[in-house]
Structures are given as structure tokens and as C-alpha cells.
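Shown here: model24.tsv, TSV, C-alpha atoms.
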chain	number	residue	atom	x	y	z
M	676	MET	CA	-195.25	142.76	39.38
M	677	ASN	CA	-197.83	141.47	41.80
M	678	ALA	CA	-199.58	143.35	44.53
M	679	THR	CA	-198.58	141.12	47.44
M	680	ASP	CA	-196.46	142.28	50.33
M	681	SER	CA	-192.82	142.36	49.28
M	682	THR	CA	-191.87	139.96	52.07
M	683	THR	CA	-194.08	137.19	50.77
M	684	ALA	CA	-192.80	135.73	47.54
M	685	PRO	CA	-195.28	134.69	44.88
M	686	PRO	CA	-196.15	131.01	45.01
M	687	ILE	CA	-194.44	128.60	42.69
M	688	GLY	CA	-197.08	127.06	40.48
M	689	LEU	CA	-195.21	123.87	39.75
M	690	LYS	CA	-198.09	121.46	39.29
M	691	ARG	CA	-197.04	118.95	36.66
M	692	ILE	CA	-193.56	117.56	36.03
M	693	LEU	CA	-192.91	115.50	32.92
M	694	VAL	CA	-190.18	112.85	33.09
M	695	PRO	CA	-189.45	111.10	29.79
M	696	ILE	CA	-188.11	107.59	30.39
M	697	ASP	CA	-186.33	105.39	27.87
M	698	PHE	CA	-185.43	102.84	30.58
M	699	SER	CA	-181.71	103.67	30.48
M	700	ALA	CA	-180.04	104.19	33.85
M	701	CYS	CA	-179.48	107.76	32.83
M	702	SER	CA	-183.15	108.44	32.13
M	703	LYS	CA	-184.09	107.03	35.52
M	704	LYS	CA	-181.72	109.51	37.06
M	705	ALA	CA	-184.09	112.29	36.01
M	706	LEU	CA	-186.59	110.77	38.44
M	707	GLN	CA	-184.16	111.28	41.24
M	708	TYR	CA	-184.45	115.01	40.61
M	709	ALA	CA	-188.13	115.12	39.73
M	710	GLY	CA	-189.07	113.36	42.99
M	711	PRO	CA	-187.85	115.92	45.52
M	712	PHE	CA	-189.24	118.77	43.42
M	713	ALA	CA	-192.59	117.02	43.13
M	714	GLU	CA	-192.72	116.62	46.88
M	715	GLN	CA	-191.63	120.10	47.73
M	716	PHE	CA	-194.14	121.73	45.42
M	717	HIS	CA	-196.84	119.05	45.58
M	718	ALA	CA	-196.62	118.50	41.88
M	719	GLU	CA	-197.84	115.54	39.90
M	720	VAL	CA	-195.23	113.46	38.08
M	721	VAL	CA	-196.04	112.24	34.58
M	722	LEU	CA	-193.83	109.42	33.32
M	723	LEU	CA	-193.66	109.19	29.54
M	724	HIS	CA	-192.15	106.54	27.35
M	725	VAL	CA	-192.07	107.02	23.60
M	726	SER	CA	-192.06	103.80	21.64
M	727	SER	CA	-190.56	104.38	18.21
M	728	LEU	CA	-190.82	101.13	16.36
M	729	ASN	CA	-191.97	102.95	13.23
M	730	TYR	CA	-188.54	104.38	12.75
M	731	MET	CA	-186.56	101.26	13.48
M	732	VAL	CA	-188.28	98.41	11.73
M	733	ALA	CA	-189.40	99.12	8.19
M	734	GLU	CA	-191.87	97.06	6.24
M	735	GLY	CA	-188.88	95.48	4.51
M	736	PHE	CA	-188.47	93.07	7.40
M	737	GLY	CA	-190.51	90.31	5.87
M	738	GLY	CA	-192.16	87.81	8.17
M	739	ILE	CA	-192.37	90.07	11.20
M	740	ASP	CA	-195.84	90.58	12.53
M	741	LEU	CA	-195.55	94.33	12.94
M	742	PRO	CA	-198.87	95.02	14.64
M	743	THR	CA	-198.11	92.36	17.25
M	744	LEU	CA	-194.59	93.64	17.76
M	745	ARG	CA	-195.92	97.17	18.21
M	746	GLU	CA	-198.46	96.00	20.74
M	747	ASP	CA	-195.80	94.00	22.57
M	748	LEU	CA	-193.50	96.99	22.79
M	749	ILE	CA	-196.24	99.22	24.09
M	750	GLN	CA	-197.45	96.70	26.63
M	751	ASP	CA	-193.89	96.06	27.76
M	752	ALA	CA	-193.30	99.79	28.15
M	753	GLU	CA	-196.49	100.15	30.19
M	754	LYS	CA	-195.43	97.30	32.41
M	755	GLN	CA	-191.96	98.73	32.98
M	756	LEU	CA	-193.31	102.22	33.66
M	757	GLY	CA	-195.77	100.64	36.07
M	758	GLU	CA	-192.90	99.04	37.93
M	759	ILE	CA	-191.09	102.36	38.18
M	760	LEU	CA	-194.30	103.96	39.38
M	761	GLY	CA	-194.69	101.27	42.01
M	762	SER	CA	-191.18	101.89	43.30
M	763	LEU	CA	-191.95	105.54	43.96
M	764	ASP	CA	-193.15	106.66	47.32
M	765	SER	CA	-196.58	107.14	45.95
M	766	ASP	CA	-198.33	108.26	49.10
M	767	GLN	CA	-196.10	111.31	49.08
M	768	MET	CA	-197.11	112.30	45.59
M	769	THR	CA	-199.28	111.53	42.64
M	770	ALA	CA	-197.87	110.07	39.49
M	771	SER	CA	-199.24	108.80	36.21
M	772	LEU	CA	-197.84	107.09	33.15
M	773	VAL	CA	-198.20	107.64	29.44
M	774	VAL	CA	-196.88	105.55	26.55
M	775	ARG	CA	-196.84	107.12	23.11
M	776	GLU	CA	-195.61	106.13	19.70
M	777	GLY	CA	-193.51	108.28	17.42
M	778	ARG	CA	-190.38	110.38	17.41
M	779	ALA	CA	-189.23	110.93	20.99
M	780	ALA	CA	-188.52	114.68	21.00
M	781	THR	CA	-191.69	115.48	19.07
M	782	GLU	CA	-193.91	113.45	21.37
M	783	ILE	CA	-192.30	114.88	24.50
M	784	VAL	CA	-192.79	118.47	23.36
M	785	ASP	CA	-196.29	117.68	22.16
M	786	LEU	CA	-197.32	116.14	25.45
M	787	ALA	CA	-195.80	119.04	27.37
M	788	LYS	CA	-198.00	121.39	25.38
M	789	SER	CA	-201.23	119.43	25.47
M	790	GLU	CA	-200.97	118.41	29.12
M	791	ASN	CA	-199.95	121.82	30.44
M	792	ILE	CA	-196.64	120.59	31.80
M	793	ASP	CA	-194.78	123.10	33.99
M	794	LEU	CA	-191.36	121.49	33.94
M	795	ILE	CA	-189.62	118.74	32.00
M	796	VAL	CA	-186.85	116.88	33.82
M	797	MET	CA	-184.69	114.76	31.57
M	798	SER	CA	-181.18	113.48	31.20
M	799	THR	CA	-178.61	113.58	28.49
M	800	HIS	CA	-177.58	110.10	27.47
M	801	GLY	CA	-174.38	108.59	28.67
M	802	TYR	CA	-172.95	107.12	25.50
M	803	SER	CA	-169.44	107.94	26.61
M	804	ASN	CA	-167.35	107.01	23.57
M	805	ILE	CA	-169.53	108.40	20.85
M	806	LYS	CA	-170.93	111.24	22.88
M	807	HIS	CA	-170.11	113.97	20.40
M	808	VAL	CA	-172.36	112.34	17.88
M	809	LEU	CA	-175.15	111.07	20.04
M	810	LEU	CA	-175.04	113.03	23.27
M	811	GLY	CA	-178.61	113.81	24.08
M	812	SER	CA	-179.92	114.60	20.64
M	813	VAL	CA	-183.41	114.01	21.97
M	814	THR	CA	-182.64	116.23	24.94
M	815	GLU	CA	-181.24	118.95	22.72
M	816	ASN	CA	-184.31	118.93	20.54
M	817	VAL	CA	-186.54	119.11	23.59
M	818	VAL	CA	-184.52	122.01	24.99
M	819	ARG	CA	-184.90	123.72	21.63
M	820	HIS	CA	-188.65	123.29	21.29
M	821	ALA	CA	-190.10	122.80	24.77
M	822	PRO	CA	-192.97	125.08	25.77
M	823	CYS	CA	-191.78	125.17	29.39
M	824	PRO	CA	-188.53	125.16	31.43
M	825	VAL	CA	-186.37	122.06	31.10
M	826	LEU	CA	-184.07	120.72	33.82
M	827	VAL	CA	-181.29	118.72	32.20
M	828	VAL	CA	-179.35	116.26	34.37
M	829	ARG	CA	-176.58	113.94	33.28
M	830	GLU	CA	-174.79	110.84	34.34
M	831	ASN	CA	-171.59	111.16	36.36
M	832	GLU	CA	-171.89	114.78	37.24
M	833	HIS	CA	-171.85	117.12	40.13
M	834	GLU	CA	-175.08	116.39	42.01
M	835	PHE	CA	-177.30	118.55	44.08
M	836	VAL	CA	-179.75	115.84	45.00
M	837	GLU	CA	-178.15	113.41	47.40
M	838	THR	CA	-178.62	109.80	46.55
P	1324	MET	CA	-201.47	103.63	43.27
P	1325	VAL	CA	-199.94	101.75	46.13
P	1326	GLY	CA	-200.78	102.96	49.63
P	1327	ALA	CA	-197.67	101.66	51.36
P	1328	GLY	CA	-197.79	104.16	54.21
P	1329	LEU	CA	-194.83	106.02	55.61
P	1330	SER	CA	-191.99	103.58	55.78
P	1331	GLY	CA	-188.33	104.13	56.40
P	1332	ALA	CA	-187.57	102.53	53.09
P	1333	SER	CA	-189.69	104.90	51.09
P	1334	LEU	CA	-187.84	106.47	48.27
P	1335	TRP	CA	-188.62	110.13	48.64
P	1336	LYS	CA	-189.29	111.65	52.03
P	1337	ARG	CA	-190.79	115.03	52.34
P	1338	LYS	CA	-188.22	117.21	54.05
P	1339	GLU	CA	-190.06	120.29	55.09
P	1340	SER	CA	-192.92	121.80	53.27
P	1341	ARG	CA	-192.94	125.53	52.92
P	1342	MET	CA	-195.61	125.46	50.28
P	1343	SER	CA	-198.21	123.62	52.30
P	1344	ALA	CA	-200.84	126.33	52.04
P	1345	GLU	CA	-201.89	125.30	48.58
P	1346	THR	CA	-201.57	121.58	48.99
P	1347	GLU	CA	-204.16	119.46	47.38
P	1348	THR	CA	-205.63	117.36	50.11
P	1349	ALA	CA	-206.08	114.42	47.77
P	1350	ALA	CA	-202.62	113.05	48.45
P	1351	ALA	CA	-203.11	113.05	52.19
P	1352	SER	CA	-206.71	111.89	52.32
P	1353	GLY	CA	-205.97	108.19	52.07
P	1354	GLN	CA	-203.64	107.96	55.03
P	1355	GLU	CA	-203.61	108.47	58.77
P	1356	CYS	CA	-202.57	111.74	60.29
P	1357	THR	CA	-199.03	110.60	61.01
P	1358	GLU	CA	-197.90	113.44	58.86
P	1359	GLU	CA	-198.90	116.13	61.34
P	1360	SER	CA	-198.04	114.28	64.51
P	1361	SER	CA	-194.53	113.20	63.63
P	1362	PRO	CA	-192.27	115.58	61.81
P	1363	VAL	CA	-190.09	113.58	59.44
P	1364	SER	CA	-187.01	115.65	60.20
P	1365	SER	CA	-185.72	112.97	62.55
P	1366	GLU	CA	-185.49	110.48	59.71
P	1367	SER	CA	-182.74	110.82	57.19
P	1368	PRO	CA	-184.31	111.26	53.79
P	1369	ALA	CA	-183.24	109.03	50.92
P	1370	PHE	CA	-182.89	112.04	48.64
P	1371	SER	CA	-182.42	115.62	49.67
P	1372	ILE	CA	-181.91	118.76	47.68
P	1373	GLY	CA	-178.63	120.49	48.48
P	1374	LEU	CA	-178.74	123.43	46.15
P	1375	LYS	CA	-176.06	125.74	47.49
P	1376	ARG	CA	-174.59	127.43	44.45
P	1377	ILE	CA	-176.61	128.55	41.44
P	1378	LEU	CA	-174.75	129.95	38.45
P	1379	VAL	CA	-176.68	132.29	36.15
P	1380	PRO	CA	-174.96	133.40	32.96
P	1381	VAL	CA	-176.13	136.94	32.17
P	1382	ASP	CA	-176.14	138.69	28.80
P	1383	PHE	CA	-178.45	141.52	29.95
P	1384	SER	CA	-181.37	140.24	27.89
P	1385	GLN	CA	-184.95	139.79	29.05
P	1386	THR	CA	-184.43	136.04	28.89
P	1387	CYS	CA	-181.60	136.10	31.38
P	1388	ARG	CA	-183.72	138.30	33.66
P	1389	LYS	CA	-186.23	135.50	33.62
P	1390	ALA	CA	-183.49	132.98	34.44
P	1391	LEU	CA	-182.53	135.19	37.37
P	1392	ARG	CA	-186.08	135.21	38.67
P	1393	TYR	CA	-186.17	131.42	38.66
P	1394	ALA	CA	-182.76	131.31	40.33
P	1395	ASN	CA	-183.98	133.81	42.90
P	1396	ARG	CA	-186.96	131.67	43.84
P	1397	PHE	CA	-184.81	128.57	44.11
P	1398	ALA	CA	-182.32	130.51	46.24
P	1399	GLU	CA	-185.10	131.69	48.56
P	1400	ILE	CA	-186.37	128.15	48.99
P	1401	TYR	CA	-183.08	126.29	49.25
P	1402	GLY	CA	-180.90	129.02	50.77
P	1403	SER	CA	-178.54	129.14	47.80
P	1404	THR	CA	-175.99	131.70	46.68
P	1405	VAL	CA	-176.54	133.07	43.19
P	1406	MET	CA	-173.62	133.97	40.97
P	1407	LEU	CA	-174.25	136.31	38.07
P	1408	PHE	CA	-171.60	135.58	35.49
P	1409	HIS	CA	-171.00	137.60	32.38
P	1410	VAL	CA	-168.53	136.78	29.65
P	1411	VAL	CA	-167.21	139.68	27.61
P	1412	ASP	CA	-166.97	137.94	24.27
P	1413	LEU	CA	-163.53	138.50	22.81
P	1414	THR	CA	-164.60	137.73	19.26
P	1415	ASP	CA	-167.18	140.50	19.55
P	1416	ILE	CA	-164.53	142.83	20.96
P	1417	GLU	CA	-162.24	142.08	18.06
P	1418	ARG	CA	-164.96	142.68	15.55
P	1419	ILE	CA	-165.89	145.99	17.09
P	1420	SER	CA	-162.35	147.23	17.51
P	1421	LEU	CA	-161.48	146.32	13.94
P	1422	ARG	CA	-163.99	148.92	12.91
P	1423	LEU	CA	-162.65	151.46	15.36
P	1424	GLY	CA	-159.01	151.15	14.31
P	1425	PRO	CA	-156.01	149.12	15.46
P	1426	ILE	CA	-155.27	150.94	18.73
P	1427	ALA	CA	-158.76	150.68	20.07
P	1428	GLN	CA	-158.96	147.03	21.13
P	1429	GLU	CA	-157.61	147.30	24.67
P	1430	ARG	CA	-159.68	150.35	25.32
P	1431	VAL	CA	-162.82	148.73	23.95
P	1432	GLU	CA	-162.13	145.72	26.12
P	1433	SER	CA	-161.64	147.59	29.36
P	1434	GLU	CA	-164.67	149.78	28.69
P	1435	ALA	CA	-166.74	146.69	27.98
P	1436	VAL	CA	-165.65	145.04	31.22
P	1437	LYS	CA	-166.39	148.19	33.20
P	1438	HIS	CA	-169.81	148.57	31.64
P	1439	ALA	CA	-170.59	144.89	32.14
P	1440	GLN	CA	-169.74	145.18	35.84
P	1441	VAL	CA	-172.20	148.04	36.28
P	1442	LEU	CA	-174.93	146.20	34.36
P	1443	THR	CA	-174.39	142.96	36.24
P	1444	LEU	CA	-174.64	144.61	39.65
P	1445	GLN	CA	-177.72	146.47	38.49
P	1446	MET	CA	-179.32	143.24	37.33
P	1447	ALA	CA	-178.62	141.55	40.65
P	1448	ASP	CA	-180.30	144.44	42.43
P	1449	ASP	CA	-183.27	144.38	40.09
P	1450	GLU	CA	-184.01	140.69	40.13
P	1451	LEU	CA	-182.74	139.17	43.39
P	1452	SER	CA	-184.48	139.48	46.74
P	1453	ALA	CA	-182.57	141.41	49.39
P	1454	GLY	CA	-181.87	138.31	51.47
P	1455	VAL	CA	-180.36	136.24	48.68
P	1456	PRO	CA	-176.55	136.14	48.77
P	1457	ARG	CA	-175.01	136.90	45.41
P	1458	GLU	CA	-171.71	137.14	43.63
P	1459	CYS	CA	-170.97	138.92	40.37
P	1460	GLU	CA	-168.13	138.02	38.06
P	1461	ILE	CA	-166.95	139.14	34.65
P	1462	LEU	CA	-164.69	137.10	32.42
P	1463	ARG	CA	-163.09	137.83	29.06
P	1464	GLY	CA	-163.33	134.88	26.74
P	1465	VAL	CA	-165.85	132.75	24.90
P	1466	ALA	CA	-169.27	132.55	26.52
P	1467	ALA	CA	-170.11	128.84	26.57
P	1468	ASN	CA	-166.60	127.67	27.43
P	1469	GLY	CA	-166.19	130.30	30.14
P	1470	ILE	CA	-169.52	129.40	31.72
P	1471	VAL	CA	-168.80	125.67	31.79
P	1472	GLU	CA	-165.36	126.28	33.30
P	1473	LYS	CA	-166.78	128.62	35.90
P	1474	ALA	CA	-169.41	126.06	36.86
P	1475	ARG	CA	-166.62	123.57	37.44
P	1476	ASP	CA	-164.29	125.95	39.32
P	1477	TRP	CA	-167.02	127.40	41.51
P	1478	ASN	CA	-168.50	123.95	42.10
P	1479	ALA	CA	-171.92	125.08	40.93
P	1480	ASP	CA	-174.85	122.83	41.84
P	1481	LEU	CA	-177.06	124.17	39.08
P	1482	ILE	CA	-176.82	126.45	36.07
P	1483	VAL	CA	-179.98	128.41	35.27
P	1484	THR	CA	-179.80	129.76	31.76
P	1485	GLY	CA	-182.08	131.36	29.22
P	1486	VAL	CA	-182.26	130.19	25.63
P	1487	HIS	CA	-183.01	132.75	22.96
P	1488	ASN	CA	-185.53	131.97	20.30
P	1489	GLU	CA	-183.88	134.05	17.63
P	1490	ARG	CA	-181.09	132.47	15.66
P	1491	VAL	CA	-178.06	134.07	14.13
P	1492	VAL	CA	-175.79	132.26	11.73
P	1493	ARG	CA	-173.12	131.50	14.29
P	1494	HIS	CA	-175.72	129.87	16.51
P	1495	ALA	CA	-177.07	127.80	13.68
P	1496	ILE	CA	-173.61	126.34	13.12
P	1497	LEU	CA	-172.36	125.88	16.65
P	1498	GLY	CA	-175.62	125.63	18.49
P	1499	SER	CA	-176.63	128.45	20.80
P	1500	THR	CA	-174.65	129.20	23.92
P	1501	ALA	CA	-177.39	127.54	25.94
P	1502	GLU	CA	-177.19	124.36	23.91
P	1503	ARG	CA	-173.44	124.23	24.34
P	1504	ILE	CA	-173.84	124.72	28.07
P	1505	VAL	CA	-176.34	121.86	28.21
P	1506	ARG	CA	-173.92	119.71	26.27
P	1507	HIS	CA	-170.82	120.34	28.36
P	1508	ALA	CA	-171.94	121.45	31.82
P	1509	PRO	CA	-170.56	119.55	34.81
P	1510	CYS	CA	-173.88	119.91	36.67
P	1511	PRO	CA	-177.63	119.96	35.97
P	1512	VAL	CA	-178.84	122.80	33.76
P	1513	PHE	CA	-182.21	124.49	34.11
P	1514	VAL	CA	-183.27	126.06	30.82
P	1515	VAL	CA	-185.89	128.81	30.54
P	1516	ARG	CA	-186.89	130.53	27.32
P	1517	ASP	CA	-188.24	133.79	25.95
P	1518	LYS	CA	-191.87	132.87	25.55
P	1519	GLU	CA	-193.09	129.86	27.39
P	1520	HIS	CA	-195.38	128.31	29.87
P	1521	GLU	CA	-194.24	129.60	33.27
P	1522	PHE	CA	-194.42	128.11	36.71
P	1523	ILE	CA	-193.29	131.16	38.61
P	1524	GLU	CA	-194.72	134.62	38.22
P	1525	THR	CA	-192.32	136.77	36.30

What is this file in C-alpha cells?
Amino acid sequence: MNATDSTTAPPIGLKRILVPIDFSACSKKALQYAGPFAEQFHAEVVLLHVSSLNYMVAEGFGGIDLPTLREDLIQDAEKQLGEILGSLDSDQMTASLVVREGRAATEIVDLAKSENIDLIVMSTHGYSNIKHVLLGSVTENVVRHAPCPVLVVRENEHEFVET
Amino acid sequence: MVGAGLSGASLWKRKESRMSAETETAAASGQECTEESSPVSSESPAFSIGLKRILVPVDFSQTCRKALRYANRFAEIYGSTVMLFHVVDLTDIERISLRLGPIAQERVESEAVKHAQVLTLQMADDELSAGVPRECEILRGVAANGIVEKARDWNADLIVTGVHNERVVRHAILGSTAERIVRHAPCPVFVVRDKEHEFIET
């Protein structure tokens, strides 16, 4: 344990919070939780979108200009993240955005490691009818492999952050 | 970044800062000193953290001690009550009592519950600060299901749980208890693990 007086608790070193965003309503909900934590602990928020064209459109789609499509997707993601960033109360905290390409869970875990992330806040997905198949497979993989604590929030749940 | 100033419409208002000692001044440098002169408590914040009840499933491992330390810090900051919740796993009881003979099951069960009570109270004493209100409960059943039900019944605001890195066959098939909690919990779940990057001192 530490040598400080027992009445003063050790500081919480929550400096960087990673919020993966796939632009679903549910993923934006994670921001609702990340925000108050970021303010309370003066942490920086990192917004990440993982663009995964590689896994969706194979070369077999003749006639599609893949490089252009990739660029478009990335630019579009940057623009959308920028809009989210702009909607945050940015004088109360610092935030940055990252767009990566690849498999979502892998990129999230990788960024958490390389960027020294202290906490990942993310949501399970709200695919209500097929939830047993698809419910948060990305989230589950992140929970399994993350190098840091993960706060998992979900749609339509008991809340502790008032909206 | 946009320097919109403090407006009533801003999304996230700082409530009160208890961690101000280590603040980086960068965030405040660009704006006037309205922050010091007018406490924001008079405004109603758009979002506020109401973290009253934190449920911590305990299995007496080092990982759940770590979960308790995180819960303890949250409880200190947000004034929450922490519930330590242990599930005496009935499938384990059955397996053990099968080896001990047919009459042993009830005895094994009641001994297990008694022992779990002692361990749970001990853990609360070890890991929670004196001022943090706590409850301890033992249930007989299946861990993940029992925890999710308890979270619902007790109206938990947050579950803080550890996830073990080791895998046994049952976990590989069903997913670990932690994964099943994440899947079915009625509230947000905070997951900590055996060996990881930490943001509180443990």
C-alpha cells in the first residue's frame, strides 16, 4: 500500500478515456458516460472509429473503385467524428479523434495499448431481435482482450448518468 | 477545438471537482476566470452521475479484490453503497458432495454458506474504507444468473466485476461469468482484470 495518510485516498489516475464510436445511437450513449467521468477526473477523451471496408467488400465486386471508396469512408468517418467532437462541451475537457481501418475489436484493443488508455467506455449493440447472435460481439472481444478496465453500457437499461 | 465558453446549453457541466489539485491548466487557460468566481452548482447540469448502489460479485480471488478497490474509490467519490455478493455455486456443491457421499450435500451447502459469509465480511473489511456503507449477501444458485437478478432486484446502478484470465472448459463453452454478466446485466458493467493497466493504485 502507499505511505500516505489513511484519510487521504490515493488519486485516481484516469487520464485517457477511449470511446469507440460506430455512429449507432447505442455507441453514442457511451459518450454520455465518458463525459462526466472525463470532467470529474480531468481526463482526455479519445474518440475512435474503425472503418472495416476490407472485410465487407471483397475484390470480387468488379467496377468499384476500392481505393476511392476507402478514402470516402475514412473521410466521412472523420467528418462525423468531428461533428460529435464539436457537440461536446470542449472547454470543459480535451478530446481528440482517431479513425483506423481493420477489425474493430483488434484496433480498439491495439489503440488502448499503444496510447496508454486508462479506461474504455463502450456499449453493447441494441440489435433487439437477433441479440443472442450479435449482441456486442465487438464489446465482448474488447472485454476479453483489453489491457485496461472497460465500462460497458447498454441501450434501454438502468442508468446512473442522468440524461 | 471550439471555445464556446460556459453556456447553459453546454452538454457536460462540471459538477464539483474534488480532484482539482492535479488539474492540467491547459483546459482552463483559454477562458476567463468565470470558473472560480461562479460555482456552477446553481445551474442544473445536463448530465450528472448518480451512482448510489454498486454491486460487486465476490469469489474471494485477487481479481475481485481489485474490483472492490475500484468500487471503493467510486463509492468514496460518489457516496455510493457497495454490496458484496457471493453466489455459492450449486453445481460445485453437487460435485463436491457426490465425492463425499449421498448424505453430505446439505451439510456441505450450509458449511459453504457459513464460510462464504465469514470470507465476504472479511473482504469488505480488508478492501473498503471505513466510511463506505456496505452490504453483504450470499445466495445459493448459479453465479451469473444470480448476479444479474440481484442487480435487478437491488436496483444496482453499476456492477464492478473482475474477469479472470485463466480459462476452464466450462468457461470456454459458456463464456466466463464476467462475460455473461456483461451480456445480461440490467445496468452498466465495469470490468477489471487480473493483469492490466491500472488507473487507481491497488

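Note that CA of Asp697 (chain M) and CA of His1520 (chain P) are 24.7 Å apart.
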
Subject >> Nearby residues (all atoms listed in the file) at most 12 Å from His1438 (chain P), same-chain spacing under 5 positions excluded, as a PyMOL selection string >> reply: chain P and resi 1383+1409+1411+1431-1433+1443-1445+1461

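The two atoms in question, CA of Ser727 (chain M) and CA of Ala1501 (chain P), are spaced 27.7 Å apart.
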
Original post:
If you count only C-alpha atoms, which residues fall within 9 Å of Pro1380 (chain P), apart from same-chain ones fewer than 3 positions away, as a list in words?
Top reply: Cys1387, Ala1390, Leu1391, Met1406, Leu1407, Phe1408, His1409, Val1410, Ala1466, Ile1470, Ile1482, Val1483, Thr1484 and Gly1485 of chain P

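Minimum atom-to-atom distances from M:Thr781, M:Gln755, M:Ser771, M:Ser702 to Ala718 (chain M) were compared using only C-alpha atoms, and the lowest value belongs to M:Ser771.
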
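For the pair CA of Thr799 (chain M) and CA of Glu1460 (chain P), the separation is 28.3 Å.
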